[in-house]
>>> print(open('structure.tsv').read())   # TSV, C-alpha atoms
chain	number	residue	atom	x	y	z
R	1	MET	CA	-14.28	-8.95	23.56
R	2	ARG	CA	-16.83	-7.12	21.47
R	3	VAL	CA	-15.15	-6.46	18.11
R	4	LEU	CA	-16.78	-4.36	15.41
R	5	ILE	CA	-15.33	-4.87	11.92
R	6	ALA	CA	-15.87	-2.05	9.43
R	7	GLY	CA	-15.49	-3.61	6.00
R	8	VAL	CA	-16.68	-7.02	7.18
R	9	ASP	CA	-17.80	-8.12	3.68
R	10	GLY	CA	-14.26	-7.89	2.26
R	11	TYR	CA	-11.37	-10.26	1.66
R	12	ILE	CA	-9.82	-9.84	5.09
R	13	GLY	CA	-12.91	-8.65	6.96
R	14	TRP	CA	-15.07	-11.72	6.37
R	15	SER	CA	-12.22	-14.10	7.23
R	16	LEU	CA	-11.35	-12.10	10.35
R	17	ALA	CA	-14.96	-12.18	11.57
R	18	GLN	CA	-14.94	-15.98	11.49
R	19	HIS	CA	-11.47	-16.22	13.04
R	20	LEU	CA	-12.47	-14.00	15.97
R	21	ALA	CA	-15.78	-15.81	16.46
R	22	ARG	CA	-13.92	-19.13	16.68
R	23	ARG	CA	-11.83	-17.60	19.47
R	24	GLY	CA	-14.98	-16.73	21.41
R	25	HIS	CA	-15.21	-13.02	20.65
R	26	THR	CA	-18.51	-11.30	19.87
R	27	VAL	CA	-18.30	-9.88	16.35
R	28	GLY	CA	-20.36	-7.14	14.73
R	29	GLY	CA	-20.06	-5.80	11.21
R	30	ILE	CA	-20.38	-2.65	9.13
R	31	ASP	CA	-20.17	-2.55	5.35
R	32	ALA	CA	-21.55	-0.46	2.50
R	33	LEU	CA	-21.01	-3.40	0.07
R	34	LEU	CA	-19.02	-1.15	-2.26
R	35	ARG	CA	-16.27	-3.69	-3.03
R	36	ARG	CA	-18.71	-5.88	-4.95
R	37	GLY	CA	-19.64	-2.91	-7.13
R	38	TRP	CA	-16.05	-1.77	-7.73
R	39	VAL	CA	-15.02	-5.20	-9.00
R	40	ALA	CA	-18.08	-5.35	-11.25
R	41	GLU	CA	-17.19	-1.89	-12.57
R	42	VAL	CA	-13.84	-3.15	-13.85
R	43	GLY	CA	-15.55	-6.13	-15.46
R	44	SER	CA	-14.43	-8.83	-13.06
R	45	VAL	CA	-15.61	-11.17	-10.31
R	46	SER	CA	-14.18	-12.90	-7.28
R	47	ALA	CA	-12.34	-16.05	-8.35
R	48	ILE	CA	-14.04	-17.88	-5.49
R	49	PRO	CA	-17.82	-17.34	-5.64
R	50	ILE	CA	-19.17	-15.53	-2.59
R	51	ALA	CA	-22.70	-15.65	-1.25
R	52	PRO	CA	-24.99	-12.61	-1.05
R	53	LEU	CA	-24.67	-10.93	2.31
R	54	PRO	CA	-27.96	-12.23	3.78
R	55	GLU	CA	-26.81	-15.79	3.07
R	56	ARG	CA	-23.41	-15.05	4.60
R	57	LEU	CA	-25.00	-13.73	7.78
R	58	ALA	CA	-27.36	-16.71	8.01
R	59	ALA	CA	-24.42	-19.11	7.67
R	60	PHE	CA	-22.46	-17.17	10.29
R	61	GLU	CA	-25.29	-17.55	12.79
R	62	GLU	CA	-25.69	-21.26	12.01
R	63	HIS	CA	-22.00	-22.02	12.48
R	64	PHE	CA	-21.14	-19.72	15.41
R	65	GLY	CA	-24.36	-19.82	17.39
R	66	ASP	CA	-25.19	-16.12	17.50
R	67	PRO	CA	-26.26	-13.65	14.81
R	68	MET	CA	-23.75	-11.05	13.74
R	69	PRO	CA	-25.14	-7.57	14.45
R	70	PHE	CA	-24.73	-5.92	11.05
R	71	HIS	CA	-25.23	-2.36	9.80
R	72	GLU	CA	-25.19	-1.64	6.08
R	73	LEU	CA	-23.80	1.88	6.00
R	74	ASP	CA	-21.06	4.09	4.62
R	75	LEU	CA	-18.69	5.40	7.31
R	76	ARG	CA	-19.21	8.87	5.89
R	77	ASN	CA	-22.84	8.67	7.07
R	78	HIS	CA	-21.81	10.06	10.42
R	79	GLU	CA	-25.16	9.88	12.21
R	80	ALA	CA	-25.79	6.27	11.16
R	81	LEU	CA	-22.25	5.33	12.18
R	82	GLY	CA	-22.74	6.85	15.61
R	83	ALA	CA	-25.97	4.92	16.07
R	84	ALA	CA	-24.19	1.67	15.10
R	85	LEU	CA	-21.43	2.28	17.64
R	86	ARG	CA	-23.95	3.06	20.39
R	87	ALA	CA	-25.93	-0.07	19.59
R	88	PHE	CA	-22.96	-2.46	19.53
R	89	GLU	CA	-20.77	-0.88	22.24
R	90	PRO	CA	-17.47	-2.17	20.83
R	91	GLU	CA	-14.30	-2.71	22.81
R	92	VAL	CA	-12.32	-2.95	19.56
R	93	VAL	CA	-13.05	-1.39	16.17
R	94	VAL	CA	-11.17	-2.88	13.20
R	95	HIS	CA	-11.21	-0.41	10.30
R	96	LEU	CA	-10.97	-2.19	6.95
R	97	ALA	CA	-13.64	-0.12	5.21
R	98	GLU	CA	-11.58	1.64	2.57
R	99	CYS	CA	-11.03	1.38	-1.16
R	100	PRO	CA	-7.79	-0.66	-1.27
R	101	SER	CA	-6.68	-0.25	-4.89
R	102	ALA	CA	-3.78	1.83	-6.18
R	103	PRO	CA	-4.76	1.26	-9.86
R	104	TYR	CA	-8.37	2.30	-9.18
R	105	SER	CA	-7.14	5.57	-7.70
R	106	MET	CA	-4.95	6.27	-10.76
R	107	VAL	CA	-7.69	5.99	-13.43
R	108	ASP	CA	-8.72	9.65	-13.59
R	109	PHE	CA	-9.72	12.60	-11.40
R	110	GLN	CA	-13.10	11.11	-10.49
R	111	HIS	CA	-11.56	7.87	-9.22
R	112	ALA	CA	-8.70	9.61	-7.41
R	113	ASP	CA	-11.15	11.99	-5.77
R	114	PHE	CA	-13.49	9.17	-4.76
R	115	VAL	CA	-10.71	7.07	-3.22
R	116	GLN	CA	-9.32	9.95	-1.20
R	117	THR	CA	-12.76	11.21	-0.11
R	118	ASN	CA	-14.00	7.74	0.76
R	119	ASN	CA	-10.89	6.77	2.69
R	120	VAL	CA	-9.91	10.00	4.42
R	121	SER	CA	-13.41	11.27	5.21
R	122	GLY	CA	-14.56	7.81	6.27
R	123	THR	CA	-11.67	7.48	8.71
R	124	LEU	CA	-12.23	10.99	10.04
R	125	SER	CA	-15.92	10.21	10.57
R	126	LEU	CA	-14.99	7.07	12.48
R	127	LEU	CA	-12.54	8.94	14.71
R	128	PHE	CA	-15.13	11.55	15.69
R	129	ALA	CA	-17.77	8.87	16.22
R	130	MET	CA	-15.46	6.86	18.48
R	131	ARG	CA	-14.65	9.99	20.48
R	132	ASP	CA	-18.34	10.64	21.02
R	133	HIS	CA	-19.74	7.12	21.48
R	134	CYS	CA	-16.99	4.66	22.48
R	135	PRO	CA	-13.89	6.62	23.56
R	136	GLU	CA	-12.55	3.63	25.54
R	137	ALA	CA	-12.49	1.38	22.46
R	138	HIS	CA	-9.27	0.40	20.71
R	139	LEU	CA	-9.06	1.32	17.02
R	140	ILE	CA	-7.13	-1.02	14.71
R	141	LYS	CA	-6.71	0.77	11.40
R	142	LEU	CA	-5.39	-1.18	8.44
R	143	GLY	CA	-2.65	0.81	6.79
R	144	THR	CA	-0.19	-0.34	4.16
R	145	MET	CA	3.55	-0.71	3.83
R	146	GLY	CA	3.06	1.29	0.64
R	147	GLU	CA	2.87	4.43	2.77
R	148	TYR	CA	6.64	4.28	3.24
R	149	GLY	CA	7.54	3.85	-0.41
R	150	THR	CA	10.95	2.31	-1.06
R	151	PRO	CA	13.52	4.49	0.72
R	152	ASN	CA	17.21	3.68	0.44
R	153	VAL	CA	17.41	3.06	4.20
R	154	ASP	CA	15.85	0.54	6.60
R	155	ILE	CA	12.16	1.16	7.37
R	156	PRO	CA	11.33	1.31	11.10
R	157	GLU	CA	7.91	0.59	12.58
R	158	GLY	CA	6.39	4.02	12.28
R	159	PHE	CA	8.94	6.15	14.11
R	160	PHE	CA	12.67	6.76	14.10
R	161	GLU	CA	15.22	8.81	16.02
R	162	ILE	CA	16.76	11.71	14.17
R	163	GLU	CA	19.62	14.08	14.95
R	164	TYR	CA	19.59	17.41	13.15
R	165	ARG	CA	21.77	20.45	13.87
R	166	GLY	CA	22.81	19.06	17.20
R	167	ARG	CA	19.33	18.17	18.47
R	168	ARG	CA	17.62	14.77	18.70
R	169	ASP	CA	13.97	13.77	18.50
R	170	THR	CA	11.72	10.79	17.73
R	171	MET	CA	9.58	11.52	14.71
R	172	PRO	CA	7.30	9.73	12.25
R	173	PHE	CA	9.32	8.06	9.51
R	174	PRO	CA	8.88	10.00	6.23
R	175	ARG	CA	6.20	8.73	3.85
R	176	GLN	CA	6.86	8.40	0.12
R	177	ALA	CA	3.58	6.99	-1.21
R	178	GLY	CA	3.36	5.93	-4.85
R	179	SER	CA	-0.33	6.36	-5.73
R	180	TRP	CA	-3.32	8.52	-4.81
R	181	TYR	CA	-4.61	5.52	-2.85
R	182	HIS	CA	-1.42	5.21	-0.82
R	183	TRP	CA	-1.45	8.94	-0.10
R	184	SER	CA	-4.98	8.56	1.31
R	185	LYS	CA	-3.57	6.01	3.75
R	186	VAL	CA	-0.79	8.42	4.74
R	187	PHE	CA	-3.41	11.08	5.52
R	188	ASP	CA	-5.36	8.49	7.55
R	189	SER	CA	-2.30	7.68	9.62
R	190	GLN	CA	-1.69	11.32	10.45
R	191	ASN	CA	-5.33	11.85	11.40
R	192	VAL	CA	-5.40	8.77	13.64
R	193	ALA	CA	-2.19	9.83	15.40
R	194	PHE	CA	-3.57	13.33	15.93
R	195	ALA	CA	-6.85	11.97	17.36
R	196	CYS	CA	-4.88	9.95	19.89
R	197	ARG	CA	-2.96	13.04	21.00
R	198	LEU	CA	-6.03	15.26	20.96
R	199	TRP	CA	-8.68	13.07	22.58
R	200	GLY	CA	-6.77	10.27	24.28
R	201	LEU	CA	-8.00	7.60	21.89
R	202	ARG	CA	-5.86	4.50	21.54
R	203	ALA	CA	-5.01	3.07	18.16
R	204	THR	CA	-2.90	0.50	16.38
R	205	ASP	CA	-1.94	1.43	12.84
R	206	VAL	CA	-1.09	-1.75	10.94
R	207	MET	CA	1.28	-1.19	8.03
R	208	GLN	CA	0.42	-4.39	6.21
R	209	GLY	CA	2.39	-6.03	3.45
R	210	VAL	CA	0.74	-7.62	0.43
R	211	VAL	CA	-1.64	-10.39	1.51
R	212	TYR	CA	-2.10	-13.58	-0.46
R	213	GLY	CA	-4.05	-16.80	-0.02
R	214	ALA	CA	-7.39	-18.43	-0.66
R	215	LEU	CA	-9.50	-19.67	2.22
R	216	THR	CA	-12.41	-21.95	1.37
R	217	GLU	CA	-14.81	-23.36	3.93
R	218	GLU	CA	-16.85	-26.55	4.14
R	219	ASP	CA	-19.95	-24.36	3.88
R	220	PRO	CA	-19.42	-22.29	0.68
R	221	ARG	CA	-21.56	-19.50	2.14
R	222	LEU	CA	-18.64	-18.80	4.47
R	223	ASN	CA	-16.04	-18.48	1.69
R	224	THR	CA	-14.22	-15.19	1.44
R	225	ARG	CA	-13.59	-13.43	-1.86
R	226	LEU	CA	-10.37	-13.51	-3.86
R	227	ASP	CA	-9.87	-10.93	-6.60
R	228	PHE	CA	-7.54	-11.49	-9.54
R	229	ASP	CA	-8.13	-8.55	-11.87
R	230	GLU	CA	-5.40	-5.97	-12.46
R	231	VAL	CA	-7.19	-3.36	-10.36
R	232	PHE	CA	-8.16	-5.24	-7.18
R	233	GLY	CA	-6.12	-8.44	-7.44
R	234	THR	CA	-2.78	-8.32	-5.63
R	235	ALA	CA	0.25	-9.63	-7.53
R	236	LEU	CA	0.58	-13.08	-5.97
R	237	ASN	CA	-3.15	-13.85	-6.08
R	238	ARG	CA	-3.18	-12.74	-9.71
R	239	PHE	CA	-0.20	-14.91	-10.63
R	240	CYS	CA	-1.79	-17.97	-9.02
R	241	CYS	CA	-4.97	-17.41	-11.01
R	242	GLN	CA	-2.94	-17.10	-14.23
R	243	ALA	CA	-1.21	-20.39	-13.42
R	244	VAL	CA	-4.55	-22.09	-12.81
R	245	ILE	CA	-5.91	-21.18	-16.27
R	246	GLY	CA	-2.71	-21.80	-18.20
R	247	ARG	CA	-1.93	-18.15	-18.90
R	248	PRO	CA	1.66	-16.86	-18.66
R	249	LEU	CA	2.57	-15.05	-15.47
R	250	THR	CA	2.96	-11.34	-16.24
R	251	PRO	CA	5.43	-9.60	-13.93
R	252	TYR	CA	5.66	-5.84	-14.48
R	253	GLY	CA	8.93	-4.74	-16.08
R	254	GLN	CA	12.14	-6.35	-14.88
R	255	GLY	CA	10.49	-7.76	-11.75
R	256	GLY	CA	13.06	-6.32	-9.38
R	257	GLN	CA	10.45	-4.50	-7.27
R	258	SER	CA	10.46	-5.83	-3.69
R	259	ARG	CA	7.68	-5.75	-1.12
R	260	GLY	CA	6.66	-7.37	2.14
R	261	PHE	CA	4.26	-10.34	1.95
R	262	LEU	CA	2.22	-12.50	4.30
R	263	SER	CA	-0.54	-15.04	3.94
R	264	LEU	CA	-4.16	-14.35	4.75
R	265	ALA	CA	-3.92	-16.81	7.65
R	266	ASP	CA	-0.94	-14.88	9.05
R	267	SER	CA	-2.76	-11.57	8.60
R	268	LEU	CA	-5.67	-12.90	10.68
R	269	GLN	CA	-3.25	-14.03	13.38
R	270	CYS	CA	-1.54	-10.64	13.49
R	271	LEU	CA	-4.76	-8.62	13.59
R	272	THR	CA	-6.05	-10.84	16.38
R	273	LEU	CA	-2.85	-10.31	18.38
R	274	ALA	CA	-3.28	-6.56	17.97
R	275	ALA	CA	-6.91	-6.78	19.11
R	276	GLU	CA	-6.12	-8.92	22.14
R	277	ASN	CA	-3.19	-6.72	23.26
R	278	ALA	CA	-4.47	-3.16	23.40
R	279	PRO	CA	-2.26	-0.06	23.68
R	280	GLU	CA	-2.58	2.44	26.49
R	281	HIS	CA	-5.09	5.29	26.35
R	282	GLY	CA	-3.71	8.07	24.19
R	283	GLU	CA	-1.17	5.75	22.57
R	284	TYR	CA	-0.72	5.60	18.82
R	285	ARG	CA	1.41	2.61	17.89
R	286	VAL	CA	2.53	1.28	14.52
R	287	PHE	CA	3.09	-2.35	13.56
R	288	ASN	CA	4.77	-3.37	10.31
R	289	GLN	CA	2.86	-6.54	9.41
R	290	LEU	CA	4.75	-8.83	7.03
R	291	ARG	CA	6.52	-12.15	6.95
R	292	ASP	CA	8.76	-12.24	3.87
R	293	VAL	CA	10.41	-9.63	1.67
R	294	LEU	CA	10.28	-10.86	-1.92
R	295	SER	CA	10.80	-9.40	-5.37
R	296	VAL	CA	8.31	-9.85	-8.18
R	297	ARG	CA	10.88	-12.14	-9.81
R	298	ASP	CA	10.79	-14.27	-6.66
R	299	LEU	CA	7.00	-14.44	-6.84
R	300	VAL	CA	6.80	-15.69	-10.41
R	301	ARG	CA	9.51	-18.28	-9.73
R	302	LEU	CA	7.65	-19.52	-6.66
R	303	VAL	CA	4.33	-19.74	-8.50
R	304	ARG	CA	5.96	-21.46	-11.49
R	305	ASP	CA	7.54	-24.06	-9.22
R	306	ALA	CA	4.35	-24.59	-7.22
R	307	GLY	CA	2.38	-25.03	-10.44
R	308	ALA	CA	4.94	-27.49	-11.82
R	309	GLY	CA	4.60	-29.57	-8.69
R	310	LEU	CA	0.88	-29.86	-9.45
R	311	GLY	CA	1.43	-30.78	-13.09
R	312	LEU	CA	0.79	-27.31	-14.52
R	313	ASP	CA	2.93	-25.88	-17.31
R	314	VAL	CA	3.51	-22.33	-16.08
R	315	GLN	CA	5.24	-19.86	-18.38
R	316	ILE	CA	6.49	-16.34	-17.59
R	317	LYS	CA	5.97	-13.37	-19.92
R	318	PRO	CA	6.93	-9.94	-18.55
R	319	VAL	CA	4.88	-6.92	-19.60
R	320	ASP	CA	5.65	-3.20	-19.60
R	321	ASN	CA	5.34	-1.72	-16.14
R	322	PRO	CA	2.32	0.65	-16.02
R	323	ARG	CA	3.47	2.09	-12.68
R	324	LEU	CA	6.03	4.74	-11.77
R	325	GLU	CA	8.51	2.86	-9.61
R	326	ALA	CA	12.15	1.91	-9.54
R	327	GLU	CA	12.79	-1.47	-11.13
R	328	GLN	CA	15.57	-2.22	-8.62
R	329	HIS	CA	15.73	-0.78	-5.13
R	330	TYR	CA	16.74	-1.35	-1.52
R	331	TYR	CA	13.95	-2.63	0.74
R	332	ARG	CA	14.46	-3.67	4.35
R	333	PRO	CA	11.55	-3.06	6.76
R	334	ASP	CA	11.57	-3.84	10.47
R	335	ALA	CA	8.80	-6.18	11.66
R	336	GLU	CA	9.48	-7.17	15.26
R	337	LYS	CA	6.61	-5.82	17.37
R	338	LEU	CA	4.05	-8.46	16.37
R	339	ARG	CA	6.61	-11.20	16.87
R	340	ARG	CA	7.17	-9.93	20.39
R	341	LEU	CA	3.41	-10.28	20.94
R	342	GLY	CA	3.59	-13.89	19.82
R	343	PHE	CA	3.19	-13.91	16.05
R	344	THR	CA	4.30	-17.32	14.80
R	345	PRO	CA	4.26	-17.56	10.99
R	346	SER	CA	2.27	-20.45	9.57
R	347	LEU	CA	3.19	-22.32	6.39
R	348	PRO	CA	6.19	-20.93	4.47
R	349	ILE	CA	5.24	-19.49	1.13
R	350	GLU	CA	6.71	-22.47	-0.75
R	351	GLU	CA	4.18	-24.71	1.03
R	352	GLU	CA	1.30	-22.24	0.99
R	353	LEU	CA	1.24	-21.69	-2.77
R	354	PRO	CA	0.43	-25.30	-3.79
R	355	VAL	CA	-2.42	-25.28	-1.25
R	356	MET	CA	-3.69	-22.01	-2.67
R	357	ILE	CA	-3.50	-23.16	-6.29
R	358	ASN	CA	-5.35	-26.37	-5.41
R	359	ARG	CA	-8.12	-24.31	-3.82
R	360	LEU	CA	-8.41	-22.24	-7.00
R	361	LEU	CA	-8.42	-25.12	-9.51
R	362	PRO	CA	-12.16	-25.84	-9.15
R	363	TYR	CA	-12.83	-22.25	-10.30
R	364	ARG	CA	-10.61	-22.24	-13.40
R	365	ASN	CA	-13.58	-21.77	-15.78
R	366	ARG	CA	-14.81	-18.81	-13.75
R	367	ILE	CA	-11.36	-17.22	-13.88
R	368	SER	CA	-10.95	-17.99	-17.60
R	369	ALA	CA	-14.21	-16.20	-18.36
R	370	HIS	CA	-12.63	-12.96	-17.07
R	371	ALA	CA	-9.04	-13.58	-18.18
R	372	ASP	CA	-8.98	-10.28	-20.09
R	373	ARG	CA	-9.04	-8.52	-16.71
R	374	LEU	CA	-5.65	-9.93	-15.73
R	375	LEU	CA	-3.47	-7.70	-17.91
R	376	PRO	CA	-2.77	-4.08	-16.97
R	377	THR	CA	-4.81	-1.32	-18.57
R	378	VAL	CA	-4.40	1.53	-16.07
R	379	SER	CA	-1.25	3.58	-16.69
R	380	TRP	CA	0.08	5.75	-13.86
R	381	ARG	CA	0.85	8.48	-16.42
R	382	ASP	CA	-2.17	8.24	-18.69
R	383	GLY	CA	-4.96	6.83	-16.52
R	384	ARG	CA	-7.64	4.60	-17.98
R	385	ALA	CA	-7.21	2.75	-21.25
R	386	PRO	CA	-9.94	3.67	-23.78
R	387	HIS	CA	-11.86	0.39	-23.38
R	388	TRP	CA	-12.08	0.67	-19.57
R	389	GLU	CA	-15.46	2.32	-19.26
R	390	THR	CA	-16.92	3.85	-16.14
R	391	PRO	CA	-20.66	3.19	-15.79
>>> encode(input="structure.tsv", output="structure tokens")
Amino acid sequence: MRVLIAGVDGYIGWSLAQHLARRGHTVGGIDALLRRGWVAEVGSVSAIPIAPLPERLAAFEEHFGDPMPFHELDLRNHEALGAALRAFEPEVVVHLAECPSAPYSMVDFQHADFVQTNNVSGTLSLLFAMRDHCPEAHLIKLGTMGEYGTPNVDIPEGFFEIEYRGRRDTMPFPRQAGSWYHWSKVFDSQNVAFACRLWGLRATDVMQGVVYGALTEEDPRLNTRLDFDEVFGTALNRFCCQAVIGRPLTPYGQGGQSRGFLSLADSLQCLTLAAENAPEHGEYRVFNQLRDVLSVRDLVRLVRDAGAGLGLDVQIKPVDNPRLEAEQHYYRPDAEKLRRLGFTPSLPIEEELPVMINRLLPYRNRISAHADRLLPTVSWRDGRAPHWETP
């Protein structure tokens, strides 16, 4: 297949490009390279050094035999996006080109406005461009389990049956997002579903849990990034980096918050299954993509134990929760559709974490140099702390 990845320079995008190429697919890429700038803005770096994009593309060609057709563009540049779609003629478009940070969206009006404009307008631009230039292609849009919030009932995969005043219908499950970022993803989902009904596009909306894991390659130019700062680093990746440099793990509040998790390797497997098993024309389908449901308390215990097995003395020091969320809550999402397509989870998290920490140990000095970026500074109520300066 011809697969175009929007957001190919990112954590998942760069890994997915290599995974698909190894399976014999032809991969193209789009990226505005904004993620590198966002992380620099908050004063951090990727824990694993990543090569400049030209070096990445050269390594890709050397290892996989063909150059990756690449377009450096913002999805909101509608004319340039249309030209890229016409040039590549994709059969699948994987949309990862969004700002993925809840804390970044909560800093102030400018950041909230940017995240929503970038994400919602970029997705809308892509939908119109696909209608006009590749209407047969299958869109895989990366959503987030955070769209659902934490309702006190089981979470279905996108839709549920409801009976109200004697009548029944199948409707989208209510969204209860917890940040301006997560609301942008809710708006995306509604727009994608509408485009399928309106124009007969076909789309898979992947409600992904929190992804963790470090993938390093024999050729370091092929390494993907791994962020650990409080703004772009997800909880488990951040905890592993704290363990590596001897800092206490800092769960937020009581640590009773539960979420769905899966490794980066499992995320690549799931996205590939979605790509290789397209929906029907006009179909909008939703996959909940996760492996385990774990609380933050579970995470710090798992990281502590994995670190101890490697000879690290890992302490735990909770900090005040900067977010607006229940400290204890019910959380039970369905996640069966990908398993029916053949998803077979890889290493259990207890085995994955020691591998991940070992991969990060060579970069402990790099992480230590930016250790001040590990602790929370962005409050959901108050926005940016005074020392967090916007260039």
>>> closest_residue(input="structure.tsv", among="R:Phe194, R:Leu33, R:Arg175, R:Ser105", to="R:Phe70", atoms="all atoms listed in the file")
R:Leu33
>>> residues_around(input="structure.tsv", residues="stretch 238-250 of chain R", least_positions_apart="4", cutoff="10 Å", atoms="only C-alpha atoms", output="PyMOL selection string")
chain R and resi 47+212-213+226-230+232-234+255+296+299-304+306-308+312-321+353-354+356-369+371+374-376
>>> closest_residue(input="structure.tsv", among="R:Leu53, R:Ile155, R:Val355, R:Val45", to="R:His370", atoms="all atoms listed in the file")
R:Val45
>>> atom_distance(input="structure.tsv", atom1="atom CA of R:Arg86", atom2="atom CA of R:Met130")
9.5 Å
>>> residues_around(input="structure.tsv", residues="stretch 165-171 of chain R", least_positions_apart="6", cutoff="12 Å", atoms="only C-alpha atoms", output="short mmCIF file (atom, residue, chain, number, x, y, z; two decimals) with C-alpha atoms, keeping the file's coordinate frame")
data_model
loop_
_atom_site.label_atom_id
_atom_site.label_comp_id
_atom_site.auth_asym_id
_atom_site.auth_seq_id
_atom_site.Cartn_x
_atom_site.Cartn_y
_atom_site.Cartn_z
CA PRO R 156 11.33 1.31 11.10
CA GLU R 157 7.91 0.59 12.58
CA GLY R 158 6.39 4.02 12.28
CA PHE R 159 8.94 6.15 14.11
CA ALA R 193 -2.19 9.83 15.40
#
>>> residues_around(input="structure.tsv", residues="R:Asp382", least_positions_apart="6", cutoff="9 Å", atoms="all atoms listed in the file", output="tab-separated table (two decimals) with C-alpha atoms, in the coordinates of the input")
chain	number	residue	atom	x	y	z
R	106	MET	CA	-4.95	6.27	-10.76
R	107	VAL	CA	-7.69	5.99	-13.43
R	108	ASP	CA	-8.72	9.65	-13.59
>>> atom_distance(input="structure.tsv", atom1="atom CA of R:Gly82", atom2="atom CA of R:Ala129")
5.4 Å
>>> closest_atom_pairs(input="structure.tsv", of="stretch 14-94 of chain R", to="stretch 266-287 of chain R", cutoff="12 Å", atoms="all atoms listed in the file", output="JSON lines")
{"residue": "R:Trp14", "atom": "CA", "partner": "R:Leu268", "partner_atom": "CA", "distance": 10.4}
{"residue": "R:Ser15", "atom": "CA", "partner": "R:Leu268", "partner_atom": "CA", "distance": 7.5}
{"residue": "R:Leu16", "atom": "CA", "partner": "R:Leu268", "partner_atom": "CA", "distance": 5.7}
{"residue": "R:Ala17", "atom": "CA", "partner": "R:Leu268", "partner_atom": "CA", "distance": 9.4}
{"residue": "R:Gln18", "atom": "CA", "partner": "R:Leu268", "partner_atom": "CA", "distance": 9.8}
{"residue": "R:His19", "atom": "CA", "partner": "R:Leu268", "partner_atom": "CA", "distance": 7.1}
{"residue": "R:Leu20", "atom": "CA", "partner": "R:Thr272", "partner_atom": "CA", "distance": 7.2}
{"residue": "R:Ala21", "atom": "CA", "partner": "R:Thr272", "partner_atom": "CA", "distance": 10.9}
{"residue": "R:Arg22", "atom": "CA", "partner": "R:Thr272", "partner_atom": "CA", "distance": 11.4}
{"residue": "R:Arg23", "atom": "CA", "partner": "R:Thr272", "partner_atom": "CA", "distance": 9.4}
{"residue": "R:Gly24", "atom": "CA", "partner": "R:Thr272", "partner_atom": "CA", "distance": 11.8}
{"residue": "R:His25", "atom": "CA", "partner": "R:Glu276", "partner_atom": "CA", "distance": 10.1}
{"residue": "R:Pro90", "atom": "CA", "partner": "R:Ala275", "partner_atom": "CA", "distance": 11.7}
{"residue": "R:Glu91", "atom": "CA", "partner": "R:Ala275", "partner_atom": "CA", "distance": 9.2}
{"residue": "R:Val92", "atom": "CA", "partner": "R:Ala275", "partner_atom": "CA", "distance": 6.6}
{"residue": "R:Val93", "atom": "CA", "partner": "R:Ala275", "partner_atom": "CA", "distance": 8.7}
{"residue": "R:Val94", "atom": "CA", "partner": "R:Ala275", "partner_atom": "CA", "distance": 8.3}
>>> atom_distance(input="structure.tsv", atom1="atom CA of R:Pro151", atom2="atom CA of R:Asn119")
24.6 Å
>>> closest_residue(input="structure.tsv", among="R:Val231, R:Ile12, R:Leu127, R:Ala214", to="R:Cys196", atoms="only C-alpha atoms")
R:Leu127
>>> closest_residue(input="structure.tsv", among="R:Ala80, R:Met145, R:Val153, R:Ala6", to="R:Thr123", atoms="all atoms listed in the file")
R:Ala6
>>> residues_around(input="structure.tsv", residues="R:Asp219", least_positions_apart="4", cutoff="10 Å", atoms="only C-alpha atoms", output="mmCIF file with C-alpha atoms, in the frame of the given file")
data_model
loop_
_atom_site.group_PDB
_atom_site.id
_atom_site.type_symbol
_atom_site.label_atom_id
_atom_site.label_comp_id
_atom_site.auth_asym_id
_atom_site.auth_seq_id
_atom_site.Cartn_x
_atom_site.Cartn_y
_atom_site.Cartn_z
ATOM 1 C CA ARG R 56 -23.410 -15.050 4.600
ATOM 2 C CA ALA R 59 -24.420 -19.110 7.670
ATOM 3 C CA PHE R 60 -22.460 -17.170 10.290
ATOM 4 C CA HIS R 63 -22.000 -22.020 12.480
ATOM 5 C CA ASN R 223 -16.040 -18.480 1.690
#
>>> residues_around(input="structure.tsv", residues="R:Pro333", least_positions_apart="4", cutoff="12 Å", atoms="all atoms listed in the file", output="JSON list (two decimals) with C-alpha atoms, in the frame of the given file")
[["chain", "number", "residue", "atom", "x", "y", "z"],
["R", 145, "MET", "CA", 3.55, -0.71, 3.83],
["R", 146, "GLY", "CA", 3.06, 1.29, 0.64],
["R", 148, "TYR", "CA", 6.64, 4.28, 3.24],
["R", 149, "GLY", "CA", 7.54, 3.85, -0.41],
["R", 150, "THR", "CA", 10.95, 2.31, -1.06],
["R", 151, "PRO", "CA", 13.52, 4.49, 0.72],
["R", 152, "ASN", "CA", 17.21, 3.68, 0.44],
["R", 153, "VAL", "CA", 17.41, 3.06, 4.20],
["R", 154, "ASP", "CA", 15.85, 0.54, 6.60],
["R", 155, "ILE", "CA", 12.16, 1.16, 7.37],
["R", 156, "PRO", "CA", 11.33, 1.31, 11.10],
["R", 157, "GLU", "CA", 7.91, 0.59, 12.58],
["R", 158, "GLY", "CA", 6.39, 4.02, 12.28],
["R", 173, "PHE", "CA", 9.32, 8.06, 9.51],
["R", 207, "MET", "CA", 1.28, -1.19, 8.03],
["R", 208, "GLN", "CA", 0.42, -4.39, 6.21],
["R", 209, "GLY", "CA", 2.39, -6.03, 3.45],
["R", 258, "SER", "CA", 10.46, -5.83, -3.69],
["R", 259, "ARG", "CA", 7.68, -5.75, -1.12],
["R", 260, "GLY", "CA", 6.66, -7.37, 2.14],
["R", 261, "PHE", "CA", 4.26, -10.34, 1.95],
["R", 287, "PHE", "CA", 3.09, -2.35, 13.56],
["R", 288, "ASN", "CA", 4.77, -3.37, 10.31],
["R", 289, "GLN", "CA", 2.86, -6.54, 9.41],
["R", 290, "LEU", "CA", 4.75, -8.83, 7.03],
["R", 291, "ARG", "CA", 6.52, -12.15, 6.95],
["R", 292, "ASP", "CA", 8.76, -12.24, 3.87],
["R", 293, "VAL", "CA", 10.41, -9.63, 1.67],
["R", 294, "LEU", "CA", 10.28, -10.86, -1.92]]
